[in-house]
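Enquirer: The structure file work_19.cif (mmCIF, C-alpha atoms) is provided below.
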data_run
#
loop_
_atom_site.group_PDB
_atom_site.id
_atom_site.type_symbol
_atom_site.label_atom_id
_atom_site.label_comp_id
_atom_site.auth_asym_id
_atom_site.auth_seq_id
_atom_site.Cartn_x
_atom_site.Cartn_y
_atom_site.Cartn_z
ATOM 1 C CA MET A 1 -12.268 14.544 15.602
ATOM 2 C CA ILE A 2 -15.011 11.974 16.256
ATOM 3 C CA GLN A 3 -14.006 9.863 13.261
ATOM 4 C CA SER A 4 -10.357 9.981 14.311
ATOM 5 C CA SER A 5 -11.246 8.810 17.811
ATOM 6 C CA LEU A 6 -13.393 5.969 16.474
ATOM 7 C CA THR A 7 -10.558 4.883 14.192
ATOM 8 C CA GLU A 8 -8.204 4.737 17.157
ATOM 9 C CA LEU A 9 -10.705 2.707 19.200
ATOM 10 C CA ASP A 10 -11.240 0.291 16.316
ATOM 11 C CA ALA A 11 -7.460 -0.104 16.072
ATOM 12 C CA VAL A 12 -7.104 -0.991 19.757
ATOM 13 C CA LEU A 13 -9.989 -3.473 19.667
ATOM 14 C CA MET A 14 -8.702 -5.224 16.545
ATOM 15 C CA ILE A 15 -5.168 -5.564 17.951
ATOM 16 C CA ALA A 16 -6.582 -6.884 21.213
ATOM 17 C CA ARG A 17 -8.626 -9.420 19.232
ATOM 18 C CA ARG A 18 -5.847 -10.547 16.901
ATOM 19 C CA GLY A 19 -2.773 -10.178 19.129
ATOM 20 C CA LYS A 20 -0.617 -8.878 16.276
ATOM 21 C CA PHE A 21 -0.277 -5.439 14.734
ATOM 22 C CA ARG A 22 0.310 -6.823 11.250
ATOM 23 C CA THR A 23 -2.757 -9.091 11.281
ATOM 24 C CA ALA A 24 -4.917 -6.309 12.693
ATOM 25 C CA ALA A 25 -3.642 -3.863 10.063
ATOM 26 C CA LEU A 26 -4.468 -6.295 7.238
ATOM 27 C CA GLU A 27 -8.005 -6.819 8.496
ATOM 28 C CA LEU A 28 -8.583 -3.074 8.926
ATOM 29 C CA GLY A 29 -7.096 -2.317 5.517
ATOM 30 C CA VAL A 30 -4.396 0.059 6.786
ATOM 31 C CA SER A 31 -0.618 -0.032 7.085
ATOM 32 C CA THR A 32 1.077 -1.315 10.231
ATOM 33 C CA THR A 33 2.640 2.123 10.684
ATOM 34 C CA ALA A 34 -0.734 3.863 10.511
ATOM 35 C CA LEU A 35 -2.149 1.396 13.028
ATOM 36 C CA SER A 36 0.762 1.898 15.399
ATOM 37 C CA ASN A 37 0.419 5.672 15.104
ATOM 38 C CA ALA A 38 -3.314 5.474 15.902
ATOM 39 C CA VAL A 39 -2.671 3.410 19.027
ATOM 40 C CA GLY A 40 0.165 5.685 20.088
ATOM 41 C CA LYS A 41 -2.038 8.757 19.695
ATOM 42 C CA LEU A 42 -4.767 7.212 21.853
ATOM 43 C CA GLU A 43 -2.244 6.148 24.497
ATOM 44 C CA ARG A 44 -0.899 9.705 24.662
ATOM 45 C CA THR A 45 -4.433 11.070 24.965
ATOM 46 C CA LEU A 46 -5.247 8.643 27.801
ATOM 47 C CA GLY A 47 -1.872 8.963 29.476
ATOM 48 C CA VAL A 48 -1.474 5.192 29.883
ATOM 49 C CA ARG A 49 0.045 2.319 27.944
ATOM 50 C CA LEU A 50 -2.569 -0.051 26.529
ATOM 51 C CA PHE A 51 -0.197 -2.670 25.103
ATOM 52 C CA ASN A 52 3.038 -4.376 26.079
ATOM 53 C CA ARG A 53 5.076 -4.588 22.876
ATOM 54 C CA THR A 54 8.055 -6.824 22.129
ATOM 55 C CA THR A 55 9.594 -7.902 18.837
ATOM 56 C CA ARG A 56 7.719 -11.209 19.145
ATOM 57 C CA SER A 57 4.370 -10.435 20.728
ATOM 58 C CA VAL A 58 1.769 -7.860 21.714
ATOM 59 C CA SER A 59 -0.356 -8.122 24.850
ATOM 60 C CA LEU A 60 -2.720 -5.841 26.730
ATOM 61 C CA THR A 61 -1.543 -4.145 29.890
ATOM 62 C CA GLU A 62 -3.826 -4.260 32.912
ATOM 63 C CA ALA A 63 -5.047 -0.770 32.013
ATOM 64 C CA GLY A 64 -5.527 -1.974 28.453
ATOM 65 C CA ARG A 65 -7.641 -4.943 29.517
ATOM 66 C CA ARG A 66 -9.921 -2.748 31.601
ATOM 67 C CA PHE A 67 -10.185 -0.180 28.818
ATOM 68 C CA VAL A 68 -11.076 -2.778 26.156
ATOM 69 C CA ALA A 69 -13.670 -4.442 28.393
ATOM 70 C CA GLN A 70 -15.441 -1.123 28.965
ATOM 71 C CA VAL A 71 -15.141 0.430 25.522
ATOM 72 C CA ALA A 72 -15.895 -2.599 23.276
ATOM 73 C CA PRO A 73 -19.692 -2.619 23.859
ATOM 74 C CA ALA A 74 -19.889 1.141 23.317
ATOM 75 C CA VAL A 75 -17.942 0.962 20.039
ATOM 76 C CA GLN A 76 -20.238 -1.822 18.826
ATOM 77 C CA ASP A 77 -23.256 0.365 19.650
ATOM 78 C CA ILE A 78 -21.720 3.259 17.691
ATOM 79 C CA HIS A 79 -21.127 1.081 14.620
ATOM 80 C CA GLU A 80 -24.659 -0.283 14.802
ATOM 81 C CA ALA A 81 -26.046 3.256 15.026
ATOM 82 C CA MET A 82 -23.970 4.223 11.987
ATOM 83 C CA GLU A 83 -25.314 1.214 10.076
ATOM 84 C CA VAL A 84 -28.869 2.226 10.918
ATOM 85 C CA ALA A 85 -28.172 5.722 9.581
ATOM 86 C CA ARG A 86 -26.506 4.397 6.416
ATOM 87 C CA SER A 87 -29.433 2.077 5.780
ATOM 88 C CA GLN A 88 -31.584 5.160 5.194
ATOM 89 C CA GLN A 89 -29.442 6.365 2.295
ATOM 90 C CA ALA A 90 -31.291 6.876 -0.959
ATOM 91 C CA VAL A 91 -28.096 6.417 -3.010
ATOM 92 C CA PRO A 92 -25.780 3.505 -2.103
ATOM 93 C CA SER A 93 -22.395 4.744 -0.888
ATOM 94 C CA GLY A 94 -19.617 3.838 1.520
ATOM 95 C CA THR A 95 -17.319 0.811 1.678
ATOM 96 C CA LEU A 96 -18.124 -2.889 1.383
ATOM 97 C CA ARG A 97 -15.409 -5.242 2.630
ATOM 98 C CA ILE A 98 -15.305 -8.695 1.016
ATOM 99 C CA ASN A 99 -13.103 -11.635 2.017
ATOM 100 C CA ALA A 100 -12.556 -14.375 -0.563
ATOM 101 C CA PHE A 101 -10.303 -17.143 -1.733
ATOM 102 C CA PRO A 102 -8.052 -15.743 -4.525
ATOM 103 C CA THR A 103 -9.660 -18.010 -7.144
ATOM 104 C CA ALA A 104 -13.138 -17.011 -5.952
ATOM 105 C CA ALA A 105 -12.293 -13.318 -6.188
ATOM 106 C CA ARG A 106 -11.087 -13.773 -9.754
ATOM 107 C CA GLU A 107 -14.255 -15.643 -10.710
ATOM 108 C CA ILE A 108 -16.646 -12.918 -9.517
ATOM 109 C CA PHE A 109 -14.529 -9.878 -10.407
ATOM 110 C CA SER A 110 -15.516 -9.353 -14.035
ATOM 111 C CA TRP A 111 -19.199 -10.310 -13.953
ATOM 112 C CA LEU A 112 -20.142 -9.043 -10.480
ATOM 113 C CA VAL A 113 -17.734 -6.557 -8.877
ATOM 114 C CA LEU A 114 -16.819 -4.371 -11.848
ATOM 115 C CA PRO A 115 -20.377 -4.072 -13.266
ATOM 116 C CA PHE A 116 -21.669 -3.257 -9.764
ATOM 117 C CA LEU A 117 -19.145 -0.448 -9.386
ATOM 118 C CA ARG A 118 -20.124 0.975 -12.758
ATOM 119 C CA ALA A 119 -23.764 0.963 -11.650
ATOM 120 C CA HIS A 120 -22.976 2.394 -8.190
ATOM 121 C CA PRO A 121 -19.978 4.741 -8.498
ATOM 122 C CA GLN A 122 -20.313 6.061 -4.939
ATOM 123 C CA VAL A 123 -19.618 2.625 -3.433
ATOM 124 C CA HIS A 124 -16.057 1.532 -2.662
ATOM 125 C CA ILE A 125 -15.291 -2.205 -2.556
ATOM 126 C CA ASP A 126 -12.362 -3.489 -0.495
ATOM 127 C CA ILE A 127 -11.481 -7.092 -1.423
ATOM 128 C CA VAL A 128 -9.102 -9.108 0.751
ATOM 129 C CA THR A 129 -8.004 -12.452 -0.703
ATOM 130 C CA GLU A 130 -6.781 -15.211 1.613
ATOM 131 C CA GLY A 131 -6.295 -18.928 1.192
ATOM 132 C CA ARG A 132 -7.352 -19.653 4.753
ATOM 133 C CA LEU A 133 -10.894 -19.692 6.086
ATOM 134 C CA VAL A 134 -11.711 -16.457 7.888
ATOM 135 C CA ASP A 135 -14.353 -15.461 10.432
ATOM 136 C CA ILE A 136 -15.781 -12.563 8.447
ATOM 137 C CA VAL A 137 -17.598 -11.112 11.453
ATOM 138 C CA ALA A 138 -14.513 -11.034 13.669
ATOM 139 C CA GLY A 139 -12.472 -9.746 10.742
ATOM 140 C CA GLY A 140 -14.788 -6.820 10.116
ATOM 141 C CA PHE A 141 -15.950 -7.964 6.680
ATOM 142 C CA ASP A 142 -19.416 -7.378 5.251
ATOM 143 C CA LEU A 143 -19.378 -10.411 2.955
ATOM 144 C CA GLY A 144 -17.425 -13.530 2.159
ATOM 145 C CA VAL A 145 -17.035 -15.631 -0.999
ATOM 146 C CA ARG A 146 -16.202 -19.316 -0.630
ATOM 147 C CA SER A 147 -17.163 -22.691 -2.055
ATOM 148 C CA ALA A 148 -20.729 -23.459 -1.023
ATOM 149 C CA ASP A 149 -19.590 -26.469 1.001
ATOM 150 C CA LEU A 150 -17.300 -24.267 3.140
ATOM 151 C CA VAL A 151 -19.830 -21.619 4.165
ATOM 152 C CA PRO A 152 -20.413 -21.604 7.966
ATOM 153 C CA ALA A 153 -23.818 -22.932 8.989
ATOM 154 C CA ASP A 154 -24.785 -19.726 10.802
ATOM 155 C CA MET A 155 -24.383 -17.559 7.677
ATOM 156 C CA ILE A 156 -26.921 -16.581 5.028
ATOM 157 C CA ALA A 157 -25.653 -17.982 1.718
ATOM 158 C CA LEU A 158 -26.375 -16.785 -1.796
ATOM 159 C CA PRO A 159 -25.188 -19.357 -4.389
ATOM 160 C CA LEU A 160 -23.293 -17.845 -7.316
ATOM 161 C CA GLY A 161 -23.514 -19.748 -10.572
ATOM 162 C CA VAL A 162 -23.126 -23.431 -11.276
ATOM 163 C CA ALA A 163 -20.628 -26.060 -10.212
ATOM 164 C CA ARG A 164 -17.030 -25.317 -11.131
ATOM 165 C CA ARG A 165 -14.391 -27.595 -12.567
ATOM 166 C CA SER A 166 -10.669 -28.165 -12.123
ATOM 167 C CA VAL A 167 -8.546 -28.917 -15.189
ATOM 168 C CA VAL A 168 -5.023 -30.228 -15.736
ATOM 169 C CA VAL A 169 -3.324 -28.306 -18.523
ATOM 170 C CA GLY A 170 0.022 -27.992 -20.279
ATOM 171 C CA THR A 171 1.361 -26.351 -23.407
ATOM 172 C CA PRO A 172 1.347 -28.211 -26.742
ATOM 173 C CA SER A 173 5.174 -28.060 -26.757
ATOM 174 C CA TYR A 174 5.433 -29.587 -23.280
ATOM 175 C CA LEU A 175 3.049 -32.417 -24.189
ATOM 176 C CA LYS A 176 4.906 -33.053 -27.455
ATOM 177 C CA ALA A 177 8.186 -33.377 -25.546
ATOM 178 C CA HIS A 178 6.923 -35.385 -22.561
ATOM 179 C CA GLY A 179 3.794 -37.183 -23.741
ATOM 180 C CA THR A 180 0.184 -36.981 -22.601
ATOM 181 C CA PRO A 181 -0.847 -38.584 -19.286
ATOM 182 C CA MET A 182 -3.825 -40.912 -19.716
ATOM 183 C CA ILE A 183 -4.489 -41.757 -16.058
ATOM 184 C CA PRO A 184 -3.602 -39.820 -12.870
ATOM 185 C CA GLN A 185 -0.784 -42.248 -12.009
ATOM 186 C CA ASP A 186 0.986 -41.189 -15.242
ATOM 187 C CA LEU A 187 1.717 -37.841 -13.567
ATOM 188 C CA ALA A 188 4.623 -39.561 -11.802
ATOM 189 C CA GLY A 189 6.526 -39.236 -15.055
ATOM 190 C CA HIS A 190 5.789 -35.513 -15.445
ATOM 191 C CA SER A 191 6.961 -32.230 -14.044
ATOM 192 C CA CYS A 192 3.985 -30.736 -12.204
ATOM 193 C CA LEU A 193 3.520 -27.360 -10.556
ATOM 194 C CA ARG A 194 3.041 -28.038 -6.856
ATOM 195 C CA VAL A 195 0.807 -25.821 -4.700
ATOM 196 C CA ARG A 196 1.403 -25.022 -1.041
ATOM 197 C CA LEU A 197 -1.707 -24.590 1.116
ATOM 198 C CA PRO A 198 -2.008 -21.857 3.801
ATOM 199 C CA ASP A 199 -1.179 -24.405 6.509
ATOM 200 C CA GLY A 200 2.063 -25.304 4.744
ATOM 201 C CA ALA A 201 0.924 -28.681 3.392
ATOM 202 C CA ILE A 202 1.415 -29.503 -0.291
ATOM 203 C CA TYR A 203 -1.888 -29.864 -2.148
ATOM 204 C CA ARG A 204 -2.624 -33.362 -3.428
ATOM 205 C CA TRP A 205 -4.290 -33.293 -6.845
ATOM 206 C CA PRO A 206 -7.800 -34.850 -6.617
ATOM 207 C CA PHE A 207 -9.206 -37.024 -9.396
ATOM 208 C CA GLU A 208 -12.429 -38.976 -9.788
ATOM 209 C CA LYS A 209 -13.936 -41.312 -12.362
ATOM 210 C CA ASP A 210 -16.760 -43.853 -12.262
ATOM 211 C CA GLY A 211 -17.124 -43.441 -8.516
ATOM 212 C CA LYS A 212 -13.410 -44.025 -7.912
ATOM 213 C CA SER A 213 -11.361 -41.193 -6.407
ATOM 214 C CA VAL A 214 -7.615 -40.812 -6.032
ATOM 215 C CA HIS A 215 -5.308 -38.073 -4.720
ATOM 216 C CA ILE A 216 -1.873 -37.707 -6.262
ATOM 217 C CA ASP A 217 1.250 -36.250 -4.622
ATOM 218 C CA VAL A 218 2.758 -34.656 -7.711
ATOM 219 C CA GLU A 219 6.420 -33.757 -8.149
ATOM 220 C CA GLY A 220 8.018 -30.925 -10.049
ATOM 221 C CA ALA A 221 10.631 -28.195 -10.143
ATOM 222 C CA ILE A 222 8.504 -25.444 -8.587
ATOM 223 C CA THR A 223 6.259 -25.115 -5.525
ATOM 224 C CA LEU A 224 3.940 -22.103 -5.456
ATOM 225 C CA ASP A 225 1.113 -20.671 -3.375
ATOM 226 C CA GLU A 226 -0.470 -18.435 -6.014
ATOM 227 C CA ALA A 227 -2.555 -19.767 -8.901
ATOM 228 C CA SER A 228 -1.608 -16.983 -11.314
ATOM 229 C CA LEU A 229 2.058 -17.968 -10.978
ATOM 230 C CA SER A 230 1.165 -21.578 -11.771
ATOM 231 C CA ARG A 231 -0.548 -20.434 -14.943
ATOM 232 C CA ALA A 232 2.493 -18.370 -15.961
ATOM 233 C CA ALA A 233 4.813 -21.323 -15.338
ATOM 234 C CA ALA A 234 2.568 -23.680 -17.316
ATOM 235 C CA LEU A 235 2.511 -21.225 -20.236
ATOM 236 C CA ALA A 236 6.316 -21.226 -20.109
ATOM 237 C CA SER A 237 6.217 -25.035 -20.583
ATOM 238 C CA VAL A 238 7.724 -25.692 -17.135
ATOM 239 C CA GLY A 239 5.177 -28.432 -16.531
ATOM 240 C CA LEU A 240 1.542 -29.387 -16.010
ATOM 241 C CA THR A 241 -0.676 -27.466 -13.635
ATOM 242 C CA LEU A 242 -4.009 -28.099 -11.941
ATOM 243 C CA ALA A 243 -6.120 -24.944 -12.300
ATOM 244 C CA MET A 244 -9.659 -23.713 -12.048
ATOM 245 C CA GLU A 245 -11.150 -23.893 -15.532
ATOM 246 C CA SER A 246 -12.223 -20.242 -15.318
ATOM 247 C CA ASP A 247 -8.581 -19.175 -14.801
ATOM 248 C CA VAL A 248 -7.303 -20.816 -17.991
ATOM 249 C CA ARG A 249 -10.380 -20.894 -20.239
ATOM 250 C CA ASP A 250 -9.032 -18.195 -22.566
ATOM 251 C CA ASP A 251 -5.682 -20.001 -22.858
ATOM 252 C CA ILE A 252 -7.431 -23.269 -23.740
ATOM 253 C CA GLU A 253 -9.635 -21.611 -26.359
ATOM 254 C CA ALA A 254 -6.603 -19.873 -27.882
ATOM 255 C CA GLY A 255 -4.637 -23.138 -28.005
ATOM 256 C CA ARG A 256 -1.938 -21.918 -25.622
ATOM 257 C CA LEU A 257 -2.834 -24.660 -23.145
ATOM 258 C CA VAL A 258 -4.293 -28.130 -23.697
ATOM 259 C CA ARG A 259 -6.467 -30.113 -21.266
ATOM 260 C CA VAL A 260 -5.409 -33.579 -20.210
ATOM 261 C CA LEU A 261 -7.080 -36.171 -17.978
ATOM 262 C CA GLU A 262 -10.445 -34.569 -18.800
ATOM 263 C CA ASP A 263 -12.438 -37.640 -17.804
ATOM 264 C CA TRP A 264 -10.716 -37.678 -14.403
ATOM 265 C CA THR A 265 -11.143 -34.046 -13.309
ATOM 266 C CA PRO A 266 -14.124 -33.649 -10.952
ATOM 267 C CA THR A 267 -16.459 -30.715 -10.571
ATOM 268 C CA ARG A 268 -16.340 -28.571 -7.434
ATOM 269 C CA ALA A 269 -19.098 -26.986 -5.409
ATOM 270 C CA PRO A 270 -20.353 -23.637 -6.761
ATOM 271 C CA LEU A 271 -19.330 -20.422 -5.090
ATOM 272 C CA SER A 272 -21.519 -18.731 -2.502
ATOM 273 C CA LEU A 273 -21.676 -15.133 -1.394
ATOM 274 C CA TYR A 274 -22.403 -15.230 2.335
ATOM 275 C CA TYR A 275 -22.978 -12.850 5.210
ATOM 276 C CA PRO A 276 -24.345 -12.738 8.766
ATOM 277 C CA SER A 277 -27.929 -11.763 9.502
ATOM 278 C CA ARG A 278 -28.146 -8.017 10.050
ATOM 279 C CA ARG A 279 -31.022 -5.876 11.262
ATOM 280 C CA ASN A 280 -30.163 -2.686 9.373
ATOM 281 C CA PRO A 281 -28.172 -3.423 6.212
ATOM 282 C CA THR A 282 -26.737 -0.362 4.494
ATOM 283 C CA ALA A 283 -28.018 0.810 1.129
ATOM 284 C CA ALA A 284 -24.720 -0.308 -0.429
ATOM 285 C CA PHE A 285 -25.006 -3.770 1.112
ATOM 286 C CA LYS A 286 -28.607 -4.220 -0.059
ATOM 287 C CA ALA A 287 -27.703 -2.980 -3.545
ATOM 288 C CA PHE A 288 -24.811 -5.442 -3.826
ATOM 289 C CA ILE A 289 -26.899 -8.424 -2.734
ATOM 290 C CA ASP A 290 -29.697 -7.456 -5.106
ATOM 291 C CA PHE A 291 -27.197 -6.979 -7.951
ATOM 292 C CA ALA A 292 -25.682 -10.422 -7.317
ATOM 293 C CA ARG A 293 -29.116 -12.039 -7.317
ATOM 294 C CA ARG A 294 -30.230 -10.358 -10.546
ATOM 295 C CA HIS A 295 -27.021 -10.900 -12.497
ATOM 296 C CA GLY A 296 -26.642 -14.487 -11.430
ATOM 297 C CA GLY A 297 -30.316 -15.345 -11.720
ATOM 298 C CA ASP A 298 -29.851 -17.403 -14.863
ATOM 299 C CA THR A 299 -27.169 -19.584 -13.236
ATOM 300 C CA GLY A 300 -29.126 -21.017 -10.381
ATOM 301 C CA ILE A 301 -28.968 -18.394 -7.627
ATOM 302 C CA ALA A 302 -31.389 -19.244 -4.855
ATOM 303 C CA ALA A 303 -33.697 -17.051 -2.834
ATOM 304 C CA PHE A 304 -32.182 -15.173 0.071
ATOM 305 C CA SER A 305 -32.910 -12.782 2.900
ATOM 306 C CA THR A 306 -31.123 -9.646 4.150
ATOM 307 C CA SER A 307 -32.992 -9.602 7.418
#
Spit out the file's structure as structure tokens when you get a sec.

Expert:
Amino acid sequence: MIQSSLTELDAVLMIARRGKFRTAALELGVSTTALSNAVGKLERTLGVRLFNRTTRSVSLTEAGRRFVAQVAPAVQDIHEAMEVARSQQAVPSGTLRINAFPTAAREIFSWLVLPFLRAHPQVHIDIVTEGRLVDIVAGGFDLGVRSADLVPADMIALPLGVARRSVVVGTPSYLKAHGTPMIPQDLAGHSCLRVRLPDGAIYRWPFEKDGKSVHIDVEGAITLDEASLSRAAALASVGLTLAMESDVRDDIEAGRLVRVLEDWTPTRAPLSLYYPSRRNPTAAFKAFIDFARRHGGDTGIAAFSTS
């Protein structure tokens, strides 16, 4: 009964914060239907409508605004009390929510997430991948994974590994048919797999050599917003793709894909695991941070604090 009520309160507060049921549902890790049902149940219990709903928007009613203003501090106190209790656990358990770029999630999945779960089977990890930058505190996440240069200044950052590298790759058959580009400008004569950014803009391929940098607006038959699809299209000889080296390393080693423009592809900032300062981290949170530090210790992970 208590847990159900807290779930309903969390639902109302997240919708009030985000202004959309779908966005709130994604951040809470539930379906839109479940979220709507939770709000409806609370409204029936209270006997008032908390939200004005239309097909285009959601807004708080006057009763809803008063309710949210009064209940938000109390719900925060409850969650903090629960965190204090969980921090006393001898065995790490519960859920850790992580927000990451899709490429970042793929990079840490095999060496960090899966081994951690094997070592701590009572912990559940909920990973949400998004191309856009997210306020992990407002979104209800415990941790974020981003390029080190994109971590907010008010967060505690734990570097993961060394600098990463982008690579331009194509199949041997594609390169045999269309030739090998020697400089970035040669891409004008090639079919390239274009990438759409979260804001709708088309990503310009960055290159750098001898202190000179250039960004190329590539052209091609396909525009995508998911790196794994670009890899699949490149393997099908549709064209050249710009990928994170970690995503196509196995294909390169097996000869399925070939690097081009190697002396022009720059390195990128290493990944960082980051999180806000917290007074009473849970046992699961502390175990995950410690695991990341120990397993990445030979790749340059710096000192950190969980206080």

Enquirer: Using all atoms listed in the file, what table do you get, as CSV, when you list each residue of region 124-237 of chain A with an atom no more than 8 Å from region 266-274 of chain A, its nearest pair of atoms, and their distance in Å rounded to one decimal, rows by chain then rising number?

Expert:
residue,atom,partner,partner_atom,distance
A:Leu143,CA,A:Tyr274,CA,5.7
A:Gly144,CA,A:Tyr274,CA,5.3
A:Val145,CA,A:Leu273,CA,4.7
A:Arg146,CA,A:Leu271,CA,5.6
A:Ser147,CA,A:Leu271,CA,4.4
A:Ala148,CA,A:Ser272,CA,5.0
A:Asp149,CA,A:Ala269,CA,6.4
A:Val151,CA,A:Tyr274,CA,7.1
A:Met155,CA,A:Tyr274,CA,6.2
A:Ile156,CA,A:Tyr274,CA,5.4
A:Ala157,CA,A:Tyr274,CA,4.3
A:Leu158,CA,A:Leu273,CA,5.0
A:Pro159,CA,A:Ser272,CA,4.2
A:Leu160,CA,A:Ser272,CA,5.2
A:Gly161,CA,A:Pro270,CA,6.3
A:Val162,CA,A:Pro270,CA,5.3
A:Ala163,CA,A:Pro270,CA,4.2
A:Arg164,CA,A:Arg268,CA,5.0
A:Arg165,CA,A:Thr267,CA,4.2
A:Ser166,CA,A:Thr267,CA,6.5
A:Pro206,CA,A:Pro266,CA,7.8
A:Phe207,CA,A:Pro266,CA,6.2
A:Glu208,CA,A:Pro266,CA,5.7
A:Lys209,CA,A:Pro266,CA,7.8

Enquirer: Extract, using only C-alpha atoms, all DNA, RNA and protein residues at most 12 Å from Leu26 (chain A), discarding same-chain residues fewer than 3 positions from it, and format them as a list in words.

Expert: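 My reading of the contact set: Ala11, Met14, Ile15, Arg18, Lys20, Phe21, Arg22, Thr23, Gly29, Val30, Ser31, Thr32, Thr33, Ala34, Leu35, Arg97, Asn99, Asp126, Ile127, Val128, Thr129, Glu130, Gly139, Gly140 and Phe141 of chain A.
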
Enquirer: Starting from the PyMOL selection byres ((chain A and resi 182) around 10), expand the selection into actual residues of this file and give them as a ChimeraX atom specification.

Expert: /A:179-181,183-187,260-264

Enquirer: Which residue out of A:Val75, A:Thr55, A:Ala138, A:Leu193 has the minimum interatomic distance to Ala24 (chain A) when all atoms listed in the file are used?

Expert: A:Ala138

Enquirer: Can you list, as an MDAnalysis selection string, every protein, DNA or RNA residue that comes within 9 Å of region 57-62 of chain A when you count only C-alpha atoms, leaving out same-chain residues fewer than 4 positions away?

Expert: chainID A and resid 15:16 19:21 49:53 66:68

Enquirer: List every residue of region 66-133 of chain A that has an atom at most 9 Å from any atom of region 221-240 of chain A, giving for each one its closest atom pair and the distance in Å to one decimal, counting all atoms listed in the file, sorted by chain and then by ascending residue number, as CSV.

Expert:
residue,atom,partner,partner_atom,distance
A:Pro102,CA,A:Ala227,CA,8.1
A:Thr103,CA,A:Ala227,CA,7.5
A:Gly131,CA,A:Asp225,CA,8.9

Enquirer: Could you state the separation of CA of Glu80 (chain A) and CA of Asp142 (chain A) in Å, given to one decimal place?

Expert: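 Atom-to-atom, CA of Glu80 (chain A) and CA of Asp142 (chain A) are spaced 13.0 Å apart.
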
Enquirer: How far is it from CA of Tyr174 (chain A) to CA of Ala201 (chain A), in Å with one decimal?

Expert: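 Taking CA of Tyr174 (chain A) and CA of Ala201 (chain A), their separation equals 27.1 Å.
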
Enquirer: Which is closest to Leu175 (chain A) among A:Val258, A:Ala38, A:Met82, A:Tyr203, if we use only C-alpha atoms?

Expert: A:Val258

Enquirer: Find the residue from A:Leu133, A:Ala177, A:Ala81, A:Val218 that sits nearest to Arg204 (chain A); use only C-alpha atoms when measuring.

Expert: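 Among A:Leu133, A:Ala177, A:Ala81, A:Val218, it is A:Val218 that comes nearest to Arg204 (chain A).
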
Enquirer: Counting all atoms listed in the file, write as a list in words all protein and nucleic acid residues lying at most 10 Å from (-2.7, 5.0, 17.5) in the file's frame.

Expert: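 Applying the cut-off with all atoms listed in the file, one gets Ser4, Ser5, Thr7, Glu8, Leu9, Asp10, Ala11, Val12, Thr33, Ala34, Leu35, Ser36, Asn37, Ala38, Val39, Gly40, Lys41, Leu42, Glu43, Arg44 and Thr45 of chain A.
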
Enquirer: What gap, in Å, lies between CA of Val167 (chain A) and CA of His295 (chain A)?

Expert: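 According to the coordinates, CA of Val167 (chain A) and CA of His295 (chain A) are separated by 25.9 Å.
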
Enquirer: Name the closest residue to Ser191 (chain A) among the candidates A:Leu117, A:Leu242, A:Val123, A:Ile108; distances are taken between atoms, counting all atoms listed in the file.

Expert: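 Among A:Leu117, A:Leu242, A:Val123, A:Ile108, it is A:Leu242 that comes nearest to Ser191 (chain A).
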
Enquirer: From the list A:Glu107, A:Glu83, A:Asp77, A:Glu27, which residue is nearest Glu245 (chain A) when using all atoms listed in the file?

Expert: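 Among A:Glu107, A:Glu83, A:Asp77, A:Glu27, it is A:Glu107 that comes nearest to Glu245 (chain A).
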
Enquirer: Check the smallest atom-to-atom distance from each of A:Val84, A:Met244, A:Ala188, A:Val169 to Leu257 (chain A) using all atoms listed in the file, then report the winner.

Expert: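 Distance minimum relative to Leu257 (chain A) lands on A:Val169.
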
Enquirer: Taking (-24.1, 1.8, -1.1) in the file's coordinates, which residues come within 10 Å, counting only C-alpha atoms, written as a PyMOL selection string?

Expert: chain A and resi 86-87+89-96+117+120-125+281-288

Enquirer: Centre and edge lengths of an axis-aligned box around all listed atoms of region 233-244 of chain A, with 8 Å added on each side, are to be given in Å to one decimal, as lines of an AutoDock Vina configuration file.

Expert:
center_x = -1.0
center_y = -25.3
center_z = -16.3
size_x = 33.4
size_y = 24.2
size_z = 24.6
